[in-house]
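Shown next: query24.txt, given as compact mmCIF, C-alpha atoms.
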# COMPACT_ATOMS: atom_id res chain seq x y z
CA HIS A 179 0.78 24.69 16.67
CA ALA A 180 1.59 22.26 13.89
CA PRO A 181 -0.75 19.25 13.71
CA LEU A 182 0.51 15.85 14.79
CA PRO A 183 1.24 13.82 11.60
CA PHE A 184 0.25 10.20 11.11
CA ALA A 185 1.71 7.38 9.03
CA SER A 186 -0.04 7.42 5.66
CA GLN A 187 0.61 6.02 2.21
CA HIS A 188 -1.15 6.96 -1.00
CA VAL A 189 -2.28 4.09 -3.22
CA PRO A 190 -3.26 5.68 -6.57
CA GLY A 191 -6.53 4.60 -8.12
CA THR A 192 -9.68 6.05 -9.64
CA GLY A 193 -12.40 8.41 -8.45
CA VAL A 194 -12.33 10.93 -5.65
CA THR A 195 -9.43 10.71 -3.24
CA ARG A 196 -10.36 9.09 0.05
CA LEU A 197 -8.52 8.61 3.33
CA LEU A 198 -9.03 5.41 5.31
CA VAL A 199 -7.66 5.56 8.84
CA LEU A 200 -7.11 2.32 10.73
CA GLU A 201 -6.79 2.36 14.53
CA ASN A 202 -4.26 -0.44 14.84
CA LEU A 203 -0.94 -1.17 13.13
CA ALA A 204 -1.72 -4.77 12.10
CA THR A 205 -4.90 -3.70 10.33
CA TYR A 206 -3.12 -0.77 8.65
CA THR A 207 -0.53 -3.18 7.27
CA SER A 208 -3.22 -5.62 6.07
CA PHE A 209 -5.25 -2.91 4.32
CA LEU A 210 -2.17 -1.43 2.68
CA THR A 211 -1.18 -4.87 1.38
CA ALA A 212 -4.70 -5.61 0.11
CA ALA A 213 -5.06 -2.22 -1.62
CA ARG A 214 -1.74 -2.56 -3.40
CA GLU A 215 -2.78 -5.97 -4.76
CA LEU A 216 -5.90 -4.57 -6.45
CA PRO A 217 -5.57 -3.54 -10.12
CA ALA A 218 -4.90 0.21 -10.31
CA ASP A 219 -7.83 0.78 -12.67
CA GLY A 220 -10.23 -0.98 -10.30
CA ARG A 221 -9.30 0.41 -6.91
CA PRO A 222 -10.24 3.73 -5.33
CA ASP A 223 -7.73 6.57 -5.09
CA LEU A 224 -6.85 6.07 -1.47
CA HIS A 225 -4.62 7.22 1.34
CA ILE A 226 -4.31 4.50 3.96
CA ALA A 227 -3.27 5.74 7.37
CA TRP A 228 -2.41 4.32 10.76
CA GLY A 229 -4.29 6.35 13.34
CA HIS A 230 -2.01 5.13 16.13
CA GLY A 231 -4.91 4.56 18.47
CA GLU A 232 -6.02 7.60 20.43
CA GLU A 233 -3.49 9.85 18.66
CA PHE A 234 -5.90 10.21 15.73
CA THR A 235 -8.04 12.60 17.76
CA ARG A 236 -5.09 15.02 17.38
CA SER A 237 -3.52 13.91 14.11
CA VAL A 238 -6.82 14.27 12.21
CA LEU A 239 -5.83 17.93 11.87
CA SER A 240 -3.01 16.89 9.51
CA VAL A 241 -5.48 15.60 6.87
CA PRO A 242 -5.11 18.81 4.78
CA MET A 243 -1.37 18.10 4.42
CA LEU A 244 -2.00 14.95 2.36
CA VAL A 245 -1.38 15.12 -1.39
CA PRO A 246 -3.64 14.62 -3.18
CA ARG A 247 -5.98 16.05 -0.57
CA PRO A 248 -8.74 13.60 0.39
CA GLU A 249 -12.34 14.63 -0.15
CA ARG A 250 -13.68 11.89 2.12
CA VAL A 251 -12.36 10.48 5.39
CA TYR A 252 -13.30 7.07 6.78
CA TYR A 253 -12.30 5.53 10.08
CA PHE A 254 -12.20 1.90 11.16
CA GLY A 255 -11.22 0.90 14.66
CA ASP A 256 -11.93 -1.67 17.31
CA LEU A 257 -15.61 -2.05 18.05
CA ASP A 258 -15.31 -1.13 21.69
CA ARG A 259 -15.70 1.89 23.93
CA ALA A 260 -12.12 3.10 23.41
CA GLY A 261 -12.25 2.70 19.62
CA LEU A 262 -15.56 4.53 19.34
CA ARG A 263 -14.30 7.34 21.60
CA ILE A 264 -11.42 7.82 19.14
CA ALA A 265 -13.89 7.94 16.23
CA VAL A 266 -16.23 10.40 17.95
CA GLY A 267 -13.33 12.59 19.15
CA SER A 268 -11.66 12.75 15.75
CA ALA A 269 -15.01 13.46 14.05
CA ALA A 270 -15.61 16.36 16.47
CA ALA A 271 -12.10 17.77 15.88
CA ALA A 272 -12.53 17.53 12.10
CA ALA A 273 -15.90 19.31 12.26
CA GLU A 274 -14.52 22.03 14.53
CA HIS A 275 -11.73 22.77 12.04
CA GLY A 276 -13.81 22.58 8.84
CA LEU A 277 -12.23 19.34 7.62
CA PRO A 278 -14.06 16.56 5.77
CA ALA A 279 -16.34 14.60 8.08
CA VAL A 280 -14.81 11.52 9.70
CA ARG A 281 -17.26 8.78 8.76
CA PRO A 282 -17.44 5.14 9.79
CA ALA A 283 -16.10 2.58 7.33
CA ALA A 284 -19.51 0.94 7.67
CA ALA A 285 -18.89 -2.25 5.67
CA TYR A 286 -15.97 -3.17 7.92
CA TYR A 287 -17.93 -2.55 11.11
CA ALA A 288 -20.78 -4.63 9.66
CA HIS A 289 -18.30 -7.46 9.08
CA LEU A 290 -17.26 -7.33 12.75
CA LEU A 291 -20.87 -7.44 13.93
CA ALA A 292 -21.64 -10.35 11.58
CA GLY A 293 -19.06 -12.48 13.39
CA GLY A 294 -21.47 -12.89 16.28
CA PRO A 295 -20.72 -13.66 19.93
CA ALA A 296 -17.81 -15.97 19.08
CA TRP A 297 -15.81 -12.84 18.18
CA HIS A 298 -16.72 -10.94 21.37
CA ARG A 299 -14.01 -10.36 23.97
CA PRO A 300 -14.09 -8.68 27.40
CA ASP A 301 -13.64 -4.90 27.14
CA THR A 302 -11.37 -3.66 29.90
CA SER A 303 -11.65 -0.08 28.54
CA ASN A 304 -15.34 -0.07 29.46
CA PRO A 305 -16.18 0.67 33.10
CA SER A 306 -19.54 -0.76 34.08
CA THR A 307 -20.71 2.71 35.14
CA SER A 308 -20.29 4.18 31.65
CA ALA A 309 -23.41 5.89 30.36
CA ASP A 310 -22.07 7.09 27.01
CA HIS A 311 -22.85 3.96 24.98
CA GLY A 312 -25.71 5.64 23.11
CA ALA A 313 -23.60 8.70 22.27
CA LEU A 314 -20.72 6.54 21.05
CA SER A 315 -22.87 4.25 18.94
CA ALA A 316 -24.66 7.28 17.41
CA TRP A 317 -21.56 7.84 15.22
CA LEU A 318 -22.31 4.54 13.43
CA PRO A 319 -25.05 3.92 10.85
CA SER A 320 -28.48 3.60 12.46
CA GLY A 321 -28.85 -0.09 11.59
CA MET A 322 -25.84 -0.98 13.76
CA ARG A 323 -26.51 1.15 16.79
CA SER A 324 -28.60 -1.18 18.94
CA ALA A 325 -26.23 -4.13 18.40
CA VAL A 326 -23.27 -1.93 19.32
CA GLU A 327 -25.05 -0.54 22.39
CA ASP A 328 -25.75 -4.12 23.49
CA LEU A 329 -22.10 -5.02 22.94
CA LEU A 330 -20.89 -2.04 24.97
CA SER A 331 -23.49 -2.52 27.71
CA GLY A 332 -22.27 -6.09 28.09
CA ARG A 333 -18.69 -4.75 28.49
CA ARG A 334 -17.66 -6.65 25.36
CA ARG A 335 -15.56 -5.69 22.35
CA ILE A 336 -14.71 -6.94 18.88
CA PRO A 337 -11.12 -6.24 17.80
CA GLN A 338 -10.76 -4.82 14.30
CA GLU A 339 -8.19 -7.50 13.50
CA ARG A 340 -11.17 -9.89 13.08
CA LEU A 341 -11.35 -8.38 9.59
CA GLY A 342 -8.34 -10.30 8.37
CA LEU A 343 -6.36 -10.06 5.16
CA ASP A 344 -8.47 -12.79 3.53
CA ALA A 345 -11.70 -10.83 4.07
Could the structure of this file be written out as C-alpha cells, please?
Amino acid sequence: HAPLPFASQHVPGTGVTRLLVLENLATYTSFLTAARELPADGRPDLHIAWGHGEEFTRSVLSVPMLVPRPERVYYFGDLDRAGLRIAVGSAAAAAEHGLPAVRPAAAYYAHLLAGGPAWHRPDTSNPSTSADHGALSAWLPSGMRSAVEDLLSGRRRIPQERLGLDA
C-alpha cells in the first residue's frame, strides 16, 4: 500500500536536511512563515510538514518521498496525552520501517513547559484511569519527563499554539 502523504514544504537552507512535523495547522503555518523570513544562509535546510493530528502515525511512512530526503525528523505537537500518543506512535512506525527516528523538537516543548500553570488547560483526551503517562513522557528528553507526567496525571494539557509566531 502507498503511504499516506502529508502537507510539506521545503525551505532551503544550510546543513543536513531536516523534517519538522507540526501536529496542528495553525502552528504549521506559523513555522513556515517564520522559516521563510530567516536569511537563507542562516537557516537550516528544512522540510516543514503538517502532521494533520493523528494521521502522522500513518503518513510518517511517506518521509522517504521527500526531496531532498531528510536525515533527521523532529515532531512538535500539543503537550497532552493525544499529542504524545501521536509522537510515540509515529516514532514506533518509523523505527519499524527503518526510517530516521522521530525525535522531539525539545526546545519547543521546553518553551511550553516554561509557560507554567497559566498555560495549562483541561485535557479531555485524558481519561482519569490512564496509566500510560510514564510511557508517553519517556519519548521526551529526561529533564522534561516528570513535569510532563505531572501535567498528564493532573489531566491537563498545553496546546502547541502557545509557541506563537513571535517566539
Report as a PyMOL selection string all protein, DNA and RNA residues lying within 10 Å of range 203-209 of chain A, evaluated on only C-alpha atoms, omitting residues in the same chain fewer than 4 positions from it.
chain A and resi 185-186+198-199+213-215+226-231+254-255+338-344
Filtering to C-alpha atoms, could you give me those residues as a PDB file, in the coordinates of the input?
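The resulting file, out.pdb, is shown below:
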ATOM      1  CA  ALA A 185       1.710   7.380   9.030  1.00  0.00           C
ATOM      2  CA  SER A 186      -0.040   7.420   5.660  1.00  0.00           C
ATOM      3  CA  LEU A 198      -9.030   5.410   5.310  1.00  0.00           C
ATOM      4  CA  VAL A 199      -7.660   5.560   8.840  1.00  0.00           C
ATOM      5  CA  ALA A 213      -5.060  -2.220  -1.620  1.00  0.00           C
ATOM      6  CA  ARG A 214      -1.740  -2.560  -3.400  1.00  0.00           C
ATOM      7  CA  GLU A 215      -2.780  -5.970  -4.760  1.00  0.00           C
ATOM      8  CA  ILE A 226      -4.310   4.500   3.960  1.00  0.00           C
ATOM      9  CA  ALA A 227      -3.270   5.740   7.370  1.00  0.00           C
ATOM     10  CA  TRP A 228      -2.410   4.320  10.760  1.00  0.00           C
ATOM     11  CA  GLY A 229      -4.290   6.350  13.340  1.00  0.00           C
ATOM     12  CA  HIS A 230      -2.010   5.130  16.130  1.00  0.00           C
ATOM     13  CA  GLY A 231      -4.910   4.560  18.470  1.00  0.00           C
ATOM     14  CA  PHE A 254     -12.200   1.900  11.160  1.00  0.00           C
ATOM     15  CA  GLY A 255     -11.220   0.900  14.660  1.00  0.00           C
ATOM     16  CA  GLN A 338     -10.760  -4.820  14.300  1.00  0.00           C
ATOM     17  CA  GLU A 339      -8.190  -7.500  13.500  1.00  0.00           C
ATOM     18  CA  ARG A 340     -11.170  -9.890  13.080  1.00  0.00           C
ATOM     19  CA  LEU A 341     -11.350  -8.380   9.590  1.00  0.00           C
ATOM     20  CA  GLY A 342      -8.340 -10.300   8.370  1.00  0.00           C
ATOM     21  CA  LEU A 343      -6.360 -10.060   5.160  1.00  0.00           C
ATOM     22  CA  ASP A 344      -8.470 -12.790   3.530  1.00  0.00           C
TER      23      ASP A 344
END
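The closest residue to Pro319 in chain A, picked from A:His188, A:Arg196, A:His275, A:Arg281 and counting only C-alpha atoms, is A:Arg281.
Separating CA of Leu210 in chain A from CA of Ala325 in chain A is a distance of 28.9 Å.
Each of A:Val238, A:Leu244, A:Leu197, A:Ala273 was checked against Asp223 in chain A using all atoms listed in the file; the smallest atom-to-atom distance is that of A:Leu197.
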The centre and edge lengths of an axis-aligned box containing all atoms of range 208-224 of chain A present in the file, extended by 8 Å on each side, are to be given in Å to one decimal, as AutoDock Vina command-line options.
--center_x -5.7 --center_y 0.3 --center_z -3.3 --size_x 25.1 --size_y 28.5 --size_z 34.7
Using all atoms listed in the file, find the one residue out of A:Ala313, A:Leu257, A:Leu239, A:Ala296 that sits nearest to Val280 in chain A.
A:Leu239
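Only residues having an atom at most 10 Å from (2.2, 14.9, 12.1) are included; using only C-alpha atoms, these are Ala180, Pro181, Leu182, Pro183, Phe184, Ala185, Arg236, Ser237, Val238, Leu239, Ser240, Val241 and Met243 of chain A.
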Counting only C-alpha atoms, find the residues whose atoms lie at most 12 Å from (-15.7, -5.5, 15.3) (file coordinates) and write them out as a PyMOL selection string.
chain A and resi 201+254-259+261-262+283-299+322+325-326+329-330+334-342
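Considering the residues A:Leu224, A:Val251, A:Ala316, A:Ala218 and counting only C-alpha atoms, Leu277 in chain A has its shortest atom-to-atom contact with A:Val251.
CA of Ala270 in chain A lies 22.9 Å from CA of Val245 in chain A.
Separating CA of Ile264 in chain A from CA of Gly191 in chain A is a distance of 27.9 Å.
Considering only C-alpha atoms, the residue among A:Ala279, A:Ala271, A:Val189, A:Ala212 positioned nearest to His225 in chain A is A:Val189.
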